[in-house]
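Structure file target04.pdb; described as PDB, C-alpha atoms, pLDDT in the B column.
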```
ATOM      1  CA  MET V   5     216.822  84.594 -12.504  1.00 91.00           C
ATOM      2  CA  ARG V   6     218.453  81.852 -10.470  1.00 96.00           C
ATOM      3  CA  HIS V   7     219.357  82.857  -6.910  1.00 96.00           C
ATOM      4  CA  GLY V   8     222.960  82.626  -5.743  1.00 97.00           C
ATOM      5  CA  VAL V   9     226.389  84.223  -6.018  1.00 98.00           C
ATOM      6  CA  ARG V  10     228.311  83.816  -9.241  1.00 98.00           C
ATOM      7  CA  LEU V  11     232.062  84.253  -9.527  1.00 98.00           C
ATOM      8  CA  GLY V  12     233.417  85.756 -12.749  1.00 98.00           C
ATOM      9  CA  LEU V  13     236.980  85.105 -13.927  1.00 97.00           C
ATOM     10  CA  ASP V  14     239.144  86.705 -16.592  1.00 94.00           C
ATOM     11  CA  PRO V  15     242.133  84.346 -16.868  1.00 94.00           C
ATOM     12  CA  GLY V  16     245.214  85.872 -18.468  1.00 89.00           C
ATOM     13  CA  ASP V  17     248.811  84.767 -18.811  1.00 89.00           C
ATOM     14  CA  ALA V  18     250.013  86.718 -15.746  1.00 91.00           C
ATOM     15  CA  ARG V  19     246.880  87.349 -13.655  1.00 93.00           C
ATOM     16  CA  ILE V  20     243.314  86.185 -13.138  1.00 96.00           C
ATOM     17  CA  GLY V  21     240.756  88.918 -12.584  1.00 94.00           C
ATOM     18  CA  VAL V  22     238.022  87.926 -10.154  1.00 97.00           C
ATOM     19  CA  ALA V  23     234.563  89.460  -9.740  1.00 97.00           C
ATOM     20  CA  ARG V  24     231.471  88.349  -7.863  1.00 98.00           C
ATOM     21  CA  SER V  25     227.780  88.968  -8.097  1.00 98.00           C
ATOM     22  CA  ASP V  26     225.289  89.704  -5.379  1.00 98.00           C
ATOM     23  CA  PRO V  27     223.014  86.755  -4.448  1.00 97.00           C
ATOM     24  CA  THR V  28     220.171  88.091  -6.626  1.00 96.00           C
ATOM     25  CA  GLY V  29     222.380  88.001  -9.723  1.00 96.00           C
ATOM     26  CA  PHE V  30     221.820  91.657 -10.468  1.00 96.00           C
ATOM     27  CA  LEU V  31     225.240  93.285 -10.158  1.00 97.00           C
ATOM     28  CA  ALA V  32     228.867  92.203 -10.690  1.00 97.00           C
ATOM     29  CA  THR V  33     231.572  93.840  -8.563  1.00 97.00           C
ATOM     30  CA  PRO V  34     235.380  93.489  -8.541  1.00 95.00           C
ATOM     31  CA  LEU V  35     236.810  91.144  -5.928  1.00 97.00           C
ATOM     32  CA  GLU V  36     240.560  90.649  -6.430  1.00 96.00           C
ATOM     33  CA  THR V  37     243.356  89.782  -8.815  1.00 94.00           C
ATOM     34  CA  VAL V  38     245.036  86.388  -8.406  1.00 96.00           C
ATOM     35  CA  LYS V  39     248.590  85.929  -9.669  1.00 94.00           C
ATOM     36  CA  LYS V  40     248.655  83.213 -12.343  1.00 94.00           C
ATOM     37  CA  GLY V  41     250.825  80.213 -11.582  1.00 95.00           C
ATOM     38  CA  ARG V  42     251.539  78.073  -8.574  1.00 95.00           C
ATOM     39  CA  GLY V  43     248.663  78.251  -6.100  1.00 97.00           C
ATOM     40  CA  ASP V  44     246.186  80.060  -8.358  1.00 97.00           C
ATOM     41  CA  LEU V  45     243.648  77.214  -8.448  1.00 97.00           C
ATOM     42  CA  ALA V  46     243.962  76.744  -4.684  1.00 98.00           C
ATOM     43  CA  ARG V  47     243.225  80.466  -4.145  1.00 98.00           C
ATOM     44  CA  LEU V  48     240.205  80.328  -6.446  1.00 98.00           C
ATOM     45  CA  GLN V  49     238.977  77.198  -4.662  1.00 98.00           C
ATOM     46  CA  ALA V  50     239.325  79.068  -1.344  1.00 98.00           C
ATOM     47  CA  ILE V  51     237.324  82.030  -2.700  1.00 98.00           C
ATOM     48  CA  VAL V  52     234.535  79.665  -3.795  1.00 98.00           C
ATOM     49  CA  ALA V  53     234.563  78.029  -0.336  1.00 97.00           C
ATOM     50  CA  GLU V  54     234.467  81.426   1.425  1.00 97.00           C
ATOM     51  CA  ILE V  55     231.448  82.511  -0.626  1.00 97.00           C
ATOM     52  CA  ALA V  56     229.727  79.137  -0.066  1.00 96.00           C
ATOM     53  CA  GLU V  57     230.037  79.652   3.712  1.00 96.00           C
ATOM     54  CA  GLU V  58     228.186  82.985   3.605  1.00 95.00           C
ATOM     55  CA  SER V  59     225.728  82.462   0.734  1.00 96.00           C
ATOM     56  CA  THR V  60     224.576  80.108  -1.992  1.00 96.00           C
ATOM     57  CA  MET V  61     227.472  79.652  -4.442  1.00 98.00           C
ATOM     58  CA  LEU V  62     225.733  79.140  -7.773  1.00 98.00           C
ATOM     59  CA  GLU V  63     228.528  78.920 -10.369  1.00 98.00           C
ATOM     60  CA  VAL V  64     231.834  80.172 -11.701  1.00 98.00           C
ATOM     61  CA  VAL V  65     231.793  81.989 -15.041  1.00 98.00           C
ATOM     62  CA  VAL V  66     235.076  81.987 -16.982  1.00 98.00           C
ATOM     63  CA  GLY V  67     235.721  84.295 -19.926  1.00 95.00           C
ATOM     64  CA  LEU V  68     236.570  82.341 -23.084  1.00 95.00           C
ATOM     65  CA  PRO V  69     238.735  84.293 -25.552  1.00 91.00           C
ATOM     66  CA  ARG V  70     237.596  83.650 -29.089  1.00 82.00           C
ATOM     67  CA  SER V  71     238.789  85.232 -32.309  1.00 70.00           C
ATOM     68  CA  LEU V  72     236.767  88.193 -33.570  1.00 67.00           C
ATOM     69  CA  LYS V  73     235.018  85.807 -35.978  1.00 74.00           C
ATOM     70  CA  GLY V  74     234.125  83.519 -33.054  1.00 70.00           C
ATOM     71  CA  GLY V  75     236.665  80.793 -33.757  1.00 78.00           C
ATOM     72  CA  GLU V  76     238.972  78.938 -31.417  1.00 80.00           C
ATOM     73  CA  ASN V  77     242.660  79.770 -31.078  1.00 84.00           C
ATOM     74  CA  PRO V  78     245.623  78.849 -28.796  1.00 87.00           C
ATOM     75  CA  ALA V  79     244.367  81.206 -26.061  1.00 89.00           C
ATOM     76  CA  THR V  80     240.959  79.509 -26.196  1.00 92.00           C
ATOM     77  CA  ALA V  81     242.591  76.099 -25.693  1.00 94.00           C
ATOM     78  CA  LYS V  82     244.562  77.416 -22.673  1.00 96.00           C
ATOM     79  CA  VAL V  83     241.421  78.762 -21.039  1.00 96.00           C
ATOM     80  CA  ARG V  84     239.508  75.536 -21.726  1.00 97.00           C
ATOM     81  CA  ASP V  85     242.309  73.593 -19.957  1.00 96.00           C
ATOM     82  CA  PHE V  86     242.302  76.087 -17.072  1.00 97.00           C
ATOM     83  CA  ALA V  87     238.493  75.862 -16.748  1.00 98.00           C
ATOM     84  CA  ALA V  88     238.611  72.040 -16.750  1.00 97.00           C
ATOM     85  CA  SER V  89     241.202  72.061 -13.938  1.00 97.00           C
ATOM     86  CA  LEU V  90     239.168  74.617 -12.002  1.00 98.00           C
ATOM     87  CA  ALA V  91     235.954  72.604 -12.464  1.00 98.00           C
ATOM     88  CA  ARG V  92     237.630  69.575 -10.868  1.00 97.00           C
ATOM     89  CA  ARG V  93     238.769  71.727  -7.920  1.00 97.00           C
ATOM     90  CA  VAL V  94     235.438  73.453  -7.196  1.00 97.00           C
ATOM     91  CA  ALA V  95     233.010  70.592  -7.968  1.00 97.00           C
ATOM     92  CA  PRO V  96     230.100  70.336  -7.341  1.00 96.00           C
ATOM     93  CA  VAL V  97     229.942  74.082  -8.113  1.00 97.00           C
ATOM     94  CA  PRO V  98     229.514  74.269 -11.891  1.00 98.00           C
ATOM     95  CA  VAL V  99     231.929  76.167 -14.136  1.00 98.00           C
ATOM     96  CA  ARG V 100     230.661  77.835 -17.315  1.00 98.00           C
ATOM     97  CA  LEU V 101     232.542  79.333 -20.259  1.00 97.00           C
ATOM     98  CA  ILE V 102     231.298  82.678 -21.602  1.00 94.00           C
ATOM     99  CA  ASP V 103     232.413  84.379 -24.823  1.00 89.00           C
ATOM    100  CA  GLU V 104     234.625  87.267 -23.756  1.00 83.00           C
ATOM    101  CA  ARG V 105     235.567  88.925 -27.023  1.00 67.00           C
ATOM    102  CA  LEU V 106     236.734  92.501 -26.452  1.00 57.00           C
ATOM    103  CA  THR V 107     236.080  92.515 -22.677  1.00 59.00           C
ATOM    104  CA  THR V 108     239.629  93.610 -21.814  1.00 58.00           C
ATOM    105  CA  VAL V 109     239.376  96.361 -24.427  1.00 57.00           C
ATOM    106  CA  SER V 110     236.052  97.472 -22.885  1.00 62.00           C
ATOM    107  CA  ALA V 111     237.496  97.348 -19.376  1.00 58.00           C
ATOM    108  CA  GLU V 112     240.575  99.383 -20.393  1.00 61.00           C
ATOM    109  CA  ALA V 113     238.386 102.008 -22.085  1.00 63.00           C
ATOM    110  CA  MET V 114     236.132 102.238 -19.016  1.00 66.00           C
ATOM    111  CA  LEU V 115     239.130 102.713 -16.684  1.00 61.00           C
ATOM    112  CA  ARG V 116     240.727 105.250 -19.025  1.00 65.00           C
ATOM    113  CA  ASP V 117     237.447 107.186 -19.130  1.00 66.00           C
ATOM    114  CA  ARG V 118     237.426 107.246 -15.334  1.00 67.00           C
ATOM    115  CA  GLY V 119     240.898 108.760 -15.246  1.00 66.00           C
ATOM    116  CA  ARG V 120     242.956 105.699 -14.345  1.00 60.00           C
ATOM    117  CA  LYS V 121     246.511 106.099 -15.623  1.00 60.00           C
ATOM    118  CA  GLY V 122     249.083 103.585 -16.984  1.00 60.00           C
ATOM    119  CA  GLN V 123     250.368 101.344 -14.173  1.00 59.00           C
ATOM    120  CA  ASP V 124     247.388 102.128 -11.967  1.00 59.00           C
ATOM    121  CA  ARG V 125     245.053 100.977 -14.749  1.00 55.00           C
ATOM    122  CA  ARG V 126     247.026  97.802 -15.475  1.00 62.00           C
ATOM    123  CA  ALA V 127     246.740  96.828 -11.809  1.00 60.00           C
ATOM    124  CA  VAL V 128     242.932  96.702 -11.975  1.00 80.00           C
ATOM    125  CA  VAL V 129     242.142  95.949 -15.631  1.00 82.00           C
ATOM    126  CA  ASP V 130     241.914  92.185 -15.002  1.00 85.00           C
ATOM    127  CA  MET V 131     239.328  92.702 -12.256  1.00 88.00           C
ATOM    128  CA  ALA V 132     237.443  95.166 -14.439  1.00 88.00           C
ATOM    129  CA  ALA V 133     237.422  92.652 -17.315  1.00 89.00           C
ATOM    130  CA  ALA V 134     236.094  89.986 -14.903  1.00 94.00           C
ATOM    131  CA  VAL V 135     233.292  92.410 -13.958  1.00 93.00           C
ATOM    132  CA  VAL V 136     232.444  92.956 -17.646  1.00 91.00           C
ATOM    133  CA  ILE V 137     232.394  89.164 -18.278  1.00 94.00           C
ATOM    134  CA  LEU V 138     230.223  88.440 -15.247  1.00 96.00           C
ATOM    135  CA  GLN V 139     227.842  91.350 -15.857  1.00 94.00           C
ATOM    136  CA  HIS V 140     227.386  90.179 -19.443  1.00 92.00           C
ATOM    137  CA  ALA V 141     226.517  86.692 -18.150  1.00 95.00           C
ATOM    138  CA  LEU V 142     224.038  88.124 -15.619  1.00 96.00           C
ATOM    139  CA  ASP V 143     222.385  90.365 -18.208  1.00 93.00           C
ATOM    140  CA  SER V 144     222.223  87.504 -20.707  1.00 92.00           C
ATOM    141  CA  GLU V 145     220.503  85.214 -18.195  1.00 96.00           C
ATOM    142  CA  ARG V 146     218.075  87.952 -17.181  1.00 95.00           C
ATOM    143  CA  ALA V 147     217.155  88.578 -20.834  1.00 94.00           C
ATOM    144  CA  SER V 148     216.891  84.952 -21.958  1.00 96.00           C
ATOM    145  CA  GLY V 149     215.842  83.147 -18.791  1.00 95.00           C
ATOM    146  CA  ALA V 150     218.520  80.519 -19.488  1.00 95.00           C
ATOM    147  CA  ALA V 151     221.878  79.906 -17.839  1.00 95.00           C
ATOM    148  CA  PRO V 152     224.559  81.558 -19.984  1.00 93.00           C
ATOM    149  CA  GLY V 153     227.474  79.988 -21.852  1.00 94.00           C
ATOM    150  CA  GLU V 154     228.584  76.386 -21.982  1.00 96.00           C
ATOM    151  CA  ILE V 155     229.024  74.123 -18.983  1.00 97.00           C
ATOM    152  CA  VAL V 156     232.471  72.628 -18.349  1.00 97.00           C
ATOM    153  CA  GLU V 157     232.134  68.892 -17.847  1.00 95.00           C
ATOM    154  CA  VAL V 158     234.095  67.559 -14.876  1.00 92.00           C
ATOM    155  CA  VAL V 159     236.444  64.813 -16.025  1.00 83.00           C
ATOM    156  CA  ASN V 160     238.546  63.155 -13.336  1.00 76.00           C
ATOM    157  CA  GLU V 161     242.068  62.343 -14.384  1.00 65.00           C
TER     158      GLU V 161
END
```

Output the file's structure as structure tokens, nothing else.
Amino acid sequence: MRHGVRLGLDPGDARIGVARSDPTGFLATPLETVKKGRGDLARLQAIVAEIAEESTMLEVVVGLPRSLKGGENPATAKVRDFAASLARRVAPVPVRLIDERLTTVSAEAMLRDRGRKGQDRRAVVDMAAAVVILQHALDSERASGAAPGEIVEVVNE
């Protein structure tokens, strides 16, 4: 297992759920929800910088929404564009894309099982989905010994 903090993101149309790992890469925990739109990339860049000041910032893991059959769709293209913009902002910290099929569904079910109701649940579901995405990436790396997902190449415009 590589040592360092990983940031996990669940980018949606309205909000971006953010989670972080401990430096050993064992556990993902919720961090915050960033409002999507003006200033979102700057806030994420600031979070990466804050973590880098206190610890080794290893990478950012972004959930990539694929169809149930694994194909690409309009949401996938949006997240790829978002991840490319983020990669330019946080370089040299690498950004990776991780398959996130059904993570929001899993996060909603987990919150419902823990008694979270309607509006209260919606307020934290993005962070919970980011935790599910990041924990999946951590578990995958631990099992395989390889960095998870696909790296986002930094292309300067």

Discussion item. So that I can see what lies close to range 68-80 of chain V, please list as a PyMOL selection string the residues with an atom at most 8 Å from it, counting all atoms listed in the file and leaving out residues fewer than 5 positions away in the same chain.
Written reply: chain V and resi 101-105

Near-range 142-156 of chain V list (9 Å; all atoms listed in the file; drop same-chain fewer than 2 positions) as a PDB file with C-alpha atoms, in the frame of the given file:
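That gives us result.pdb:
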```
ATOM      1  CA  MET V   5     216.822  84.594 -12.504  1.00 91.00           C
ATOM      2  CA  ARG V   6     218.453  81.852 -10.470  1.00 96.00           C
ATOM      3  CA  ARG V  10     228.311  83.816  -9.241  1.00 98.00           C
ATOM      4  CA  SER V  25     227.780  88.968  -8.097  1.00 98.00           C
ATOM      5  CA  GLY V  29     222.380  88.001  -9.723  1.00 96.00           C
ATOM      6  CA  PHE V  30     221.820  91.657 -10.468  1.00 96.00           C
ATOM      7  CA  LEU V  31     225.240  93.285 -10.158  1.00 97.00           C
ATOM      8  CA  ALA V  32     228.867  92.203 -10.690  1.00 97.00           C
ATOM      9  CA  VAL V  65     231.793  81.989 -15.041  1.00 98.00           C
ATOM     10  CA  ARG V  84     239.508  75.536 -21.726  1.00 97.00           C
ATOM     11  CA  ALA V  87     238.493  75.862 -16.748  1.00 98.00           C
ATOM     12  CA  ALA V  88     238.611  72.040 -16.750  1.00 97.00           C
ATOM     13  CA  ALA V  91     235.954  72.604 -12.464  1.00 98.00           C
ATOM     14  CA  PRO V  98     229.514  74.269 -11.891  1.00 98.00           C
ATOM     15  CA  VAL V  99     231.929  76.167 -14.136  1.00 98.00           C
ATOM     16  CA  ARG V 100     230.661  77.835 -17.315  1.00 98.00           C
ATOM     17  CA  LEU V 101     232.542  79.333 -20.259  1.00 97.00           C
ATOM     18  CA  ILE V 102     231.298  82.678 -21.602  1.00 94.00           C
ATOM     19  CA  ASP V 103     232.413  84.379 -24.823  1.00 89.00           C
ATOM     20  CA  ILE V 137     232.394  89.164 -18.278  1.00 94.00           C
ATOM     21  CA  LEU V 138     230.223  88.440 -15.247  1.00 96.00           C
ATOM     22  CA  GLN V 139     227.842  91.350 -15.857  1.00 94.00           C
ATOM     23  CA  HIS V 140     227.386  90.179 -19.443  1.00 92.00           C
ATOM     24  CA  VAL V 158     234.095  67.559 -14.876  1.00 92.00           C
TER      25      VAL V 158
END
```

Practice prompt. Would you list the contacts of Ala56 in chain V as a count of residues only, taking every protein, DNA or RNA residue within 10 Å and counting all atoms listed in the file, but skipping same-chain residues closer than 6 positions in sequence?
Written response: 5

Fill in: Pairwise distance for CA of Ile20 in chain V and CA of Ala133 in chain V, rounded to one decimal in Å
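Interatomic distance here is 9.7 Å.
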
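Closest to Pro96 in chain V among V:Thr33, V:Ala23, V:Asn160, V:Glu63 is V:Glu63, based on all atoms listed in the file.
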
Discussion item. For this structure, which residues satisfy the selection - the PyMOL selection byres ((chain V and resi 38) around 7) - when it is evaluated on the file as given? I want them as a list in words.
Written reply: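 Written out, the selection comes to Arg19, Ile20, Gly21, Glu36, Thr37, Lys39, Lys40 and Asp44 of chain V.
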
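From CA of Leu13 in chain V back to CA of Asp26 in chain V, the distance works out to 15.2 Å.
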
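Note that the spacing between CA of Ala81 in chain V and CA of Pro15 in chain V amounts to 12.1 Å.
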
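Distance check against Val83 in chain V using only C-alpha atoms: of V:Gly67, V:Pro27, V:Gly41, V:Pro34, the minimum falls on V:Gly67.
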